[in-house]
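run.csv (CSV, C-alpha atoms and all ligand atoms)
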chain,number,residue,atom,x,y,z
A,1231,MET,CA,-28.1,10.2,-53.1
A,1232,ARG,CA,-24.6,11.2,-54.1
A,1233,GLY,CA,-25.8,13.4,-56.9
A,1234,HIS,CA,-28.2,15.1,-54.5
A,1235,ARG,CA,-25.4,15.9,-52.1
A,1236,PHE,CA,-23.2,17.3,-54.8
A,1237,PHE,CA,-26.0,19.5,-55.9
A,1238,ALA,CA,-26.5,20.8,-52.3
A,1239,VAL,CA,-22.8,21.6,-52.1
A,1240,LYS,CA,-22.8,23.4,-55.4
A,1241,THR,CA,-25.8,25.4,-54.3
A,1242,MET,CA,-23.9,26.3,-51.1
A,1243,LEU,CA,-20.8,27.3,-53.0
A,1244,PHE,CA,-22.8,29.4,-55.3
A,1245,GLY,CA,-24.4,31.2,-52.4
A,1246,ALA,CA,-21.0,31.8,-50.8
A,1247,ALA,CA,-19.6,33.1,-54.1
A,1248,ALA,CA,-22.5,35.4,-54.5
A,1249,GLY,CA,-22.0,36.6,-51.0
A,1250,ALA,CA,-18.3,37.1,-51.6
A,1251,LEU,CA,-19.0,39.2,-54.6
A,1252,GLY,CA,-21.1,41.5,-52.5
A,1253,MET,CA,-24.1,40.5,-54.8
A,1254,VAL,CA,-23.4,43.6,-56.8
A,1255,GLY,CA,-25.9,42.6,-59.4
A,1256,CYS,CA,-28.9,41.5,-57.3
A,1257,LYS,CA,-29.0,43.4,-54.0
A,1258,PRO,CA,-31.6,46.1,-53.6
A,1259,LEU,CA,-30.5,49.4,-55.0
A,1260,PRO,CA,-28.9,51.8,-52.5
A,1261,PRO,CA,-31.3,54.6,-51.5
A,1262,SER,CA,-31.0,58.0,-53.2
A,1263,LYS,CA,-29.7,60.9,-51.2
A,1264,PRO,CA,-32.7,62.9,-49.9
A,1265,ALA,CA,-33.2,66.4,-51.3
A,1266,SER,CA,-32.7,67.8,-47.8
A,1267,GLU,CA,-29.1,66.7,-48.0
A,1268,TRP,CA,-28.2,67.8,-51.5
A,1269,THR,CA,-25.0,70.0,-51.9
A,1270,PRO,CA,-25.5,73.2,-53.8
A,1271,GLU,CA,-24.0,71.4,-56.8
A,1272,GLU,CA,-26.5,68.5,-56.6
A,1273,ALA,CA,-29.4,71.0,-56.2
A,1274,ARG,CA,-28.4,72.8,-59.3
A,1275,GLY,CA,-28.0,69.5,-61.1
A,1276,ALA,CA,-31.5,68.5,-60.1
A,1277,GLN,CA,-32.7,71.6,-61.9
A,1278,VAL,CA,-30.7,70.7,-65.0
A,1279,TYR,CA,-32.3,67.3,-64.8
A,1280,GLN,CA,-35.8,68.7,-64.4
A,1281,ARG,CA,-35.3,70.9,-67.5
A,1282,ASN,CA,-33.6,68.3,-69.7
A,1283,CYS,CA,-34.1,64.8,-68.6
A,1284,ALA,CA,-37.2,64.4,-66.4
A,1285,ARG,CA,-39.7,64.2,-69.3
A,1286,CYS,CA,-38.1,60.9,-70.3
A,1287,HIS,CA,-36.5,59.4,-67.2
A,1288,TYR,CA,-37.8,58.8,-63.7
A,1289,PRO,CA,-35.0,59.7,-61.1
A,1290,THR,CA,-36.5,57.6,-58.2
A,1291,THR,CA,-37.0,54.2,-59.8
A,1292,THR,CA,-35.5,52.0,-62.5
A,1293,ALA,CA,-38.9,51.7,-64.2
A,1294,GLY,CA,-39.0,53.1,-67.7
A,1295,LEU,CA,-40.7,56.2,-68.9
A,1296,HIS,CA,-39.4,57.0,-72.4
A,1297,GLY,CA,-36.0,55.9,-71.3
A,1298,PRO,CA,-34.9,53.7,-68.4
A,1299,GLY,CA,-35.4,55.0,-64.8
A,1300,LEU,CA,-32.1,56.4,-63.5
A,1301,GLN,CA,-32.3,55.5,-59.8
A,1302,ALA,CA,-28.8,54.4,-58.7
A,1303,ILE,CA,-27.5,54.8,-62.3
A,1304,THR,CA,-24.0,55.6,-61.1
A,1305,LYS,CA,-24.0,52.8,-58.5
A,1306,VAL,CA,-24.8,49.9,-60.8
A,1307,LYS,CA,-22.1,47.8,-62.5
A,1308,ALA,CA,-23.6,48.3,-66.0
A,1309,MET,CA,-26.2,50.7,-67.4
A,1310,PRO,CA,-29.0,49.3,-69.5
A,1311,SER,CA,-26.8,49.4,-72.6
A,1312,GLY,CA,-24.2,47.3,-70.7
A,1313,ALA,CA,-21.7,50.2,-70.5
A,1314,PRO,CA,-20.2,51.0,-67.1
A,1315,PRO,CA,-21.7,54.2,-65.6
A,1316,THR,CA,-18.5,56.2,-65.6
A,1317,ASP,CA,-18.7,60.0,-65.8
A,1318,GLU,CA,-17.0,59.8,-69.2
A,1319,ARG,CA,-19.7,57.5,-70.5
A,1320,LEU,CA,-22.6,59.5,-69.0
A,1321,THR,CA,-21.2,62.7,-70.4
A,1322,ALA,CA,-20.9,61.1,-73.9
A,1323,VAL,CA,-24.5,59.7,-73.8
A,1324,ILE,CA,-25.9,63.1,-72.6
A,1325,ALA,CA,-23.9,65.2,-75.1
A,1326,ARG,CA,-24.3,62.9,-78.1
A,1327,GLY,CA,-27.6,61.1,-77.4
A,1328,ARG,CA,-28.1,57.4,-77.9
A,1329,GLY,CA,-30.7,55.6,-80.0
A,1330,GLU,CA,-34.1,57.3,-79.3
A,1331,MET,CA,-32.4,59.7,-76.7
A,1332,PRO,CA,-31.7,63.1,-78.2
A,1333,ALA,CA,-28.4,64.9,-77.6
A,1334,THR,CA,-28.6,67.5,-74.8
A,1335,ARG,CA,-26.6,70.7,-75.1
A,1336,LEU,CA,-25.2,71.7,-71.7
A,1337,ASP,CA,-22.2,73.9,-70.8
A,1338,ASP,CA,-19.4,72.4,-68.6
A,1339,ALA,CA,-20.8,73.8,-65.4
A,1340,GLU,CA,-24.3,72.4,-66.1
A,1341,MET,CA,-22.8,69.0,-67.0
A,1342,GLN,CA,-20.8,68.9,-63.7
A,1343,ASP,CA,-23.8,69.8,-61.7
A,1344,LEU,CA,-25.9,67.2,-63.5
A,1345,LEU,CA,-23.3,64.5,-62.9
A,1346,ALA,CA,-23.2,65.4,-59.2
A,1347,TYR,CA,-27.0,65.0,-59.1
A,1348,LEU,CA,-26.9,61.7,-61.0
A,1349,HIS,CA,-24.4,60.4,-58.4
A,1350,SER,CA,-26.9,61.2,-55.7
A,1351,LEU,CA,-29.7,59.1,-57.2
A,1401,LIG,C1,-36.7,62.3,-75.4
A,1401,LIG,C2,-36.5,61.4,-74.3
A,1401,LIG,C3,-35.1,61.5,-73.5
A,1401,LIG,C4,-34.5,62.6,-72.9
A,1401,LIG,C5,-35.0,64.0,-73.0
A,1401,LIG,C6,-33.3,62.1,-72.3
A,1401,LIG,N1,-33.2,60.7,-72.5
A,1401,LIG,FE1,-31.8,59.5,-71.7
A,1401,LIG,N2,-32.6,57.9,-72.7
A,1401,LIG,C7,-33.7,58.0,-73.5
A,1401,LIG,C8,-33.9,56.7,-74.1
A,1401,LIG,C9,-35.0,56.3,-75.1
A,1401,LIG,C10,-32.8,55.9,-73.7
A,1401,LIG,C11,-32.4,54.5,-74.2
A,1401,LIG,C12,-31.5,54.6,-75.3
A,1401,LIG,C13,-30.9,53.4,-75.9
A,1401,LIG,O1,-30.2,52.6,-75.2
A,1401,LIG,O2,-31.2,53.1,-77.1
A,1401,LIG,C14,-32.0,56.7,-72.8
A,1401,LIG,C15,-30.9,56.3,-72.2
A,1401,LIG,C16,-30.2,57.0,-71.1
A,1401,LIG,C17,-29.2,56.4,-70.3
A,1401,LIG,C18,-28.7,55.0,-70.3
A,1401,LIG,C19,-27.5,54.9,-71.3
A,1401,LIG,C20,-26.9,53.5,-71.4
A,1401,LIG,O3,-25.7,53.4,-71.7
A,1401,LIG,O4,-27.6,52.6,-71.1
A,1401,LIG,C21,-28.8,57.4,-69.4
A,1401,LIG,C22,-27.8,57.4,-68.3
A,1401,LIG,C23,-29.6,58.6,-69.8
A,1401,LIG,N3,-30.5,58.3,-70.8
A,1401,LIG,C24,-29.5,59.8,-69.1
A,1401,LIG,C25,-30.2,60.9,-69.6
A,1401,LIG,C26,-30.0,62.3,-69.0
A,1401,LIG,C27,-29.1,62.5,-67.8
A,1401,LIG,C28,-30.8,63.1,-69.7
A,1401,LIG,C29,-30.9,64.6,-69.5
A,1401,LIG,C30,-29.7,65.4,-69.8
A,1401,LIG,C31,-31.5,62.3,-70.7
A,1401,LIG,N4,-31.1,61.0,-70.6
A,1401,LIG,C32,-32.5,62.9,-71.5
A,1401,LIG,C33,-34.6,59.0,-73.6
A,1401,LIG,C34,-34.3,60.3,-73.2

Would you encode the structure as structure tokens?
Amino acid sequence: MRGHRFFAVKTMLFGAAAGALGMVGCKPLPPSKPASEWTPEEARGAQVYQRNCARCHYPTTTAGLHGPGLQAITKVKAMPSGAPPTDERLTAVIARGRGEMPATRLDDAEMQDLLAYLHSL
């Protein structure tokens, strides 16, 4: 009986802790910004994405194509590799490639637009 109670309390504490942490890891992904609300920068970034990324990454789901789906990629705590999705890290992955992902040559303006778009996902 005592053991059972202890377990119940632990379960409750865990639930409270998960709630307190905002359940960063397991809540449903925040929705992407609809195309109708894109800024000009995000709209240009979407074109950069279509040209350079779309053949390997779905933007609207985390399901994989050739690489992982990128929905909410900048809103998660860690990308599939475990690295945090900072602009620096994204820029490095895009510019240098990673594993099976080829490097993509973009000028600074294209990279900024693309990052803005990735933040909208
Ligand atoms: C030829 C297919 C291909 C193209 C084109 C491609 N990727 Fe990838 N991408 C991959 C693969 C495969 C991985 C998984 C790499 C790994 O972790 O080994 C990946 C991983 C990633 C990751 C996750 C990195 C991490 O740290 O987990 C991001 C973000 C990403 N790609 C963004 C992009 C963007 C933005 C573009 C366009 C500029 C792009 N990719 C173009 C195949 C591709």

Name each residue within 7 Å of ligand LIG 1401 (chain A), counting all atoms listed in the file, as a list in words.
-> Tyr1279, Asn1282, Cys1283, Ala1284, Arg1285, Cys1286, His1287, His1296, Gly1297, Pro1298, Leu1300, Ile1303, Met1309, Pro1310, Ser1311, Gly1312, Ala1313, Leu1320, Val1323, Ile1324, Arg1328, Gly1329, Glu1330, Met1331, Pro1332 and Thr1334 of chain A

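Counting only C-alpha atoms, the residue from A:Ser1350, A:Ser1266, A:Thr1316, A:Gln1277 that sits nearest to Ala1302 in chain A is A:Ser1350.
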
Return as JSON the centre and edge lengths, in Å with one decimal, of the box along x, y and z that encloses every atom of range 1338-1349 of chain A in the file, padded by 3 Å per side.
{"center_x": -23.2, "center_y": 67.1, "center_z": -63.5, "size_x": 13.6, "size_y": 19.4, "size_z": 16.2}

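Between CA of Lys1305 in chain A and CA of Ala1273 in chain A lies a distance of 19.1 Å.
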
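Take CA of His1349 in chain A and CA of Ser1262 in chain A: the distance between them is 8.7 Å.
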
Point (-23.6, 70.2, -55.5), cut-off 10 Å, counting only C-alpha atoms, residues as a VMD selection string = chain A and resid 1267 to 1276 1342 to 1347 1350

May I have the residues from that selection written out with C-alpha atoms, as a short mmCIF file (atom, residue, chain, number, x, y, z; two decimals), keeping the file's coordinate frame?
data_model
loop_
_atom_site.label_atom_id
_atom_site.label_comp_id
_atom_site.auth_asym_id
_atom_site.auth_seq_id
_atom_site.Cartn_x
_atom_site.Cartn_y
_atom_site.Cartn_z
CA GLU A 1267 -29.10 66.70 -48.00
CA TRP A 1268 -28.20 67.80 -51.50
CA THR A 1269 -25.00 70.00 -51.90
CA PRO A 1270 -25.50 73.20 -53.80
CA GLU A 1271 -24.00 71.40 -56.80
CA GLU A 1272 -26.50 68.50 -56.60
CA ALA A 1273 -29.40 71.00 -56.20
CA ARG A 1274 -28.40 72.80 -59.30
CA GLY A 1275 -28.00 69.50 -61.10
CA ALA A 1276 -31.50 68.50 -60.10
CA GLN A 1342 -20.80 68.90 -63.70
CA ASP A 1343 -23.80 69.80 -61.70
CA LEU A 1344 -25.90 67.20 -63.50
CA LEU A 1345 -23.30 64.50 -62.90
CA ALA A 1346 -23.20 65.40 -59.20
CA TYR A 1347 -27.00 65.00 -59.10
CA SER A 1350 -26.90 61.20 -55.70
#

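One distance worth recording is that between CA of Asp1338 in chain A and CA of Gly1294 in chain A, which is 27.5 Å.
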
Output requested as a PDB file, in the frame of the given file - range 1283-1294 of chain A, filled out with all heavy atoms.
ATOM      1  N   CYS A1283     -34.120  66.215 -68.624  1.00  0.00           N
ATOM      2  CA  CYS A1283     -34.100  64.800 -68.600  1.00  0.00           C
ATOM      3  C   CYS A1283     -35.455  64.182 -68.032  1.00  0.00           C
ATOM      4  O   CYS A1283     -35.843  63.069 -68.397  1.00  0.00           O
ATOM      5  CB  CYS A1283     -33.021  64.216 -67.695  1.00  0.00           C
ATOM      6  SG  CYS A1283     -31.454  65.096 -67.854  1.00  0.00           S
ATOM      7  N   ALA A1284     -36.121  64.941 -67.140  1.00  0.00           N
ATOM      8  CA  ALA A1284     -37.200  64.400 -66.400  1.00  0.00           C
ATOM      9  C   ALA A1284     -38.388  63.932 -67.260  1.00  0.00           C
ATOM     10  O   ALA A1284     -39.116  63.007 -66.890  1.00  0.00           O
ATOM     11  CB  ALA A1284     -37.727  65.403 -65.351  1.00  0.00           C
ATOM     12  N   ARG A1285     -38.536  64.559 -68.437  1.00  0.00           N
ATOM     13  CA  ARG A1285     -39.700  64.200 -69.300  1.00  0.00           C
ATOM     14  C   ARG A1285     -39.489  62.737 -69.813  1.00  0.00           C
ATOM     15  O   ARG A1285     -40.450  62.130 -70.281  1.00  0.00           O
ATOM     16  CB  ARG A1285     -39.934  65.152 -70.379  1.00  0.00           C
ATOM     17  CG  ARG A1285     -38.884  65.202 -71.453  1.00  0.00           C
ATOM     18  CD  ARG A1285     -39.275  66.262 -72.494  1.00  0.00           C
ATOM     19  NE  ARG A1285     -38.432  66.262 -73.664  1.00  0.00           N
ATOM     20  CZ  ARG A1285     -37.238  66.862 -73.742  1.00  0.00           C
ATOM     21  NH1 ARG A1285     -36.767  67.513 -72.688  1.00  0.00           N
ATOM     22  NH2 ARG A1285     -36.545  66.825 -74.852  1.00  0.00           N
ATOM     23  N   CYS A1286     -38.296  62.219 -69.783  1.00  0.00           N
ATOM     24  CA  CYS A1286     -38.100  60.900 -70.300  1.00  0.00           C
ATOM     25  C   CYS A1286     -37.548  59.872 -69.269  1.00  0.00           C
ATOM     26  O   CYS A1286     -37.571  58.674 -69.517  1.00  0.00           O
ATOM     27  CB  CYS A1286     -37.062  60.907 -71.451  1.00  0.00           C
ATOM     28  SG  CYS A1286     -37.692  61.740 -72.912  1.00  0.00           S
ATOM     29  N   HIS A1287     -37.034  60.352 -68.156  1.00  0.00           N
ATOM     30  CA  HIS A1287     -36.500  59.400 -67.200  1.00  0.00           C
ATOM     31  C   HIS A1287     -36.974  59.731 -65.776  1.00  0.00           C
ATOM     32  O   HIS A1287     -36.861  60.858 -65.310  1.00  0.00           O
ATOM     33  CB  HIS A1287     -34.923  59.603 -67.101  1.00  0.00           C
ATOM     34  CG  HIS A1287     -34.197  59.224 -68.349  1.00  0.00           C
ATOM     35  ND1 HIS A1287     -33.962  57.925 -68.715  1.00  0.00           N
ATOM     36  CD2 HIS A1287     -33.630  59.979 -69.317  1.00  0.00           C
ATOM     37  CE1 HIS A1287     -33.269  57.890 -69.850  1.00  0.00           C
ATOM     38  NE2 HIS A1287     -33.059  59.128 -70.241  1.00  0.00           N
ATOM     39  N   TYR A1288     -37.488  58.705 -65.088  1.00  0.00           N
ATOM     40  CA  TYR A1288     -37.800  58.800 -63.700  1.00  0.00           C
ATOM     41  C   TYR A1288     -36.469  58.801 -62.896  1.00  0.00           C
ATOM     42  O   TYR A1288     -35.639  57.929 -63.156  1.00  0.00           O
ATOM     43  CB  TYR A1288     -38.644  57.677 -63.167  1.00  0.00           C
ATOM     44  CG  TYR A1288     -40.040  57.635 -63.689  1.00  0.00           C
ATOM     45  CD1 TYR A1288     -40.496  56.512 -64.373  1.00  0.00           C
ATOM     46  CD2 TYR A1288     -40.920  58.694 -63.476  1.00  0.00           C
ATOM     47  CE1 TYR A1288     -41.802  56.441 -64.836  1.00  0.00           C
ATOM     48  CE2 TYR A1288     -42.227  58.627 -63.941  1.00  0.00           C
ATOM     49  CZ  TYR A1288     -42.666  57.500 -64.623  1.00  0.00           C
ATOM     50  OH  TYR A1288     -43.942  57.443 -65.077  1.00  0.00           O
ATOM     51  N   PRO A1289     -36.275  59.704 -61.912  1.00  0.00           N
ATOM     52  CA  PRO A1289     -35.000  59.700 -61.100  1.00  0.00           C
ATOM     53  C   PRO A1289     -35.126  58.729 -59.915  1.00  0.00           C
ATOM     54  O   PRO A1289     -34.116  58.393 -59.326  1.00  0.00           O
ATOM     55  CB  PRO A1289     -34.861  61.110 -60.669  1.00  0.00           C
ATOM     56  CG  PRO A1289     -36.252  61.651 -60.598  1.00  0.00           C
ATOM     57  CD  PRO A1289     -37.073  60.900 -61.620  1.00  0.00           C
ATOM     58  N   THR A1290     -36.321  58.320 -59.533  1.00  0.00           N
ATOM     59  CA  THR A1290     -36.500  57.600 -58.200  1.00  0.00           C
ATOM     60  C   THR A1290     -36.816  56.150 -58.390  1.00  0.00           C
ATOM     61  O   THR A1290     -37.175  55.503 -57.417  1.00  0.00           O
ATOM     62  CB  THR A1290     -37.592  58.296 -57.420  1.00  0.00           C
ATOM     63  OG1 THR A1290     -38.747  58.390 -58.252  1.00  0.00           O
ATOM     64  CG2 THR A1290     -37.179  59.679 -56.967  1.00  0.00           C
ATOM     65  N   THR A1291     -36.722  55.620 -59.582  1.00  0.00           N
ATOM     66  CA  THR A1291     -37.000  54.200 -59.800  1.00  0.00           C
ATOM     67  C   THR A1291     -36.239  53.799 -61.067  1.00  0.00           C
ATOM     68  O   THR A1291     -35.756  54.661 -61.804  1.00  0.00           O
ATOM     69  CB  THR A1291     -38.535  53.987 -60.034  1.00  0.00           C
ATOM     70  OG1 THR A1291     -38.729  52.708 -60.643  1.00  0.00           O
ATOM     71  CG2 THR A1291     -39.141  55.031 -60.940  1.00  0.00           C
ATOM     72  N   THR A1292     -36.117  52.497 -61.275  1.00  0.00           N
ATOM     73  CA  THR A1292     -35.500  52.000 -62.500  1.00  0.00           C
ATOM     74  C   THR A1292     -36.553  51.711 -63.558  1.00  0.00           C
ATOM     75  O   THR A1292     -36.238  51.260 -64.649  1.00  0.00           O
ATOM     76  CB  THR A1292     -34.619  50.789 -62.267  1.00  0.00           C
ATOM     77  OG1 THR A1292     -35.423  49.798 -61.631  1.00  0.00           O
ATOM     78  CG2 THR A1292     -33.429  51.117 -61.383  1.00  0.00           C
ATOM     79  N   ALA A1293     -37.830  51.934 -63.199  1.00  0.00           N
ATOM     80  CA  ALA A1293     -38.900  51.700 -64.200  1.00  0.00           C
ATOM     81  C   ALA A1293     -38.799  52.680 -65.314  1.00  0.00           C
ATOM     82  O   ALA A1293     -38.438  53.835 -65.123  1.00  0.00           O
ATOM     83  CB  ALA A1293     -40.257  51.826 -63.470  1.00  0.00           C
ATOM     84  N   GLY A1294     -39.118  52.220 -66.500  1.00  0.00           N
ATOM     85  CA  GLY A1294     -39.000  53.100 -67.700  1.00  0.00           C
ATOM     86  C   GLY A1294     -40.080  54.063 -67.859  1.00  0.00           C
ATOM     87  O   GLY A1294     -41.215  53.836 -67.452  1.00  0.00           O
TER      88      GLY A1294
END
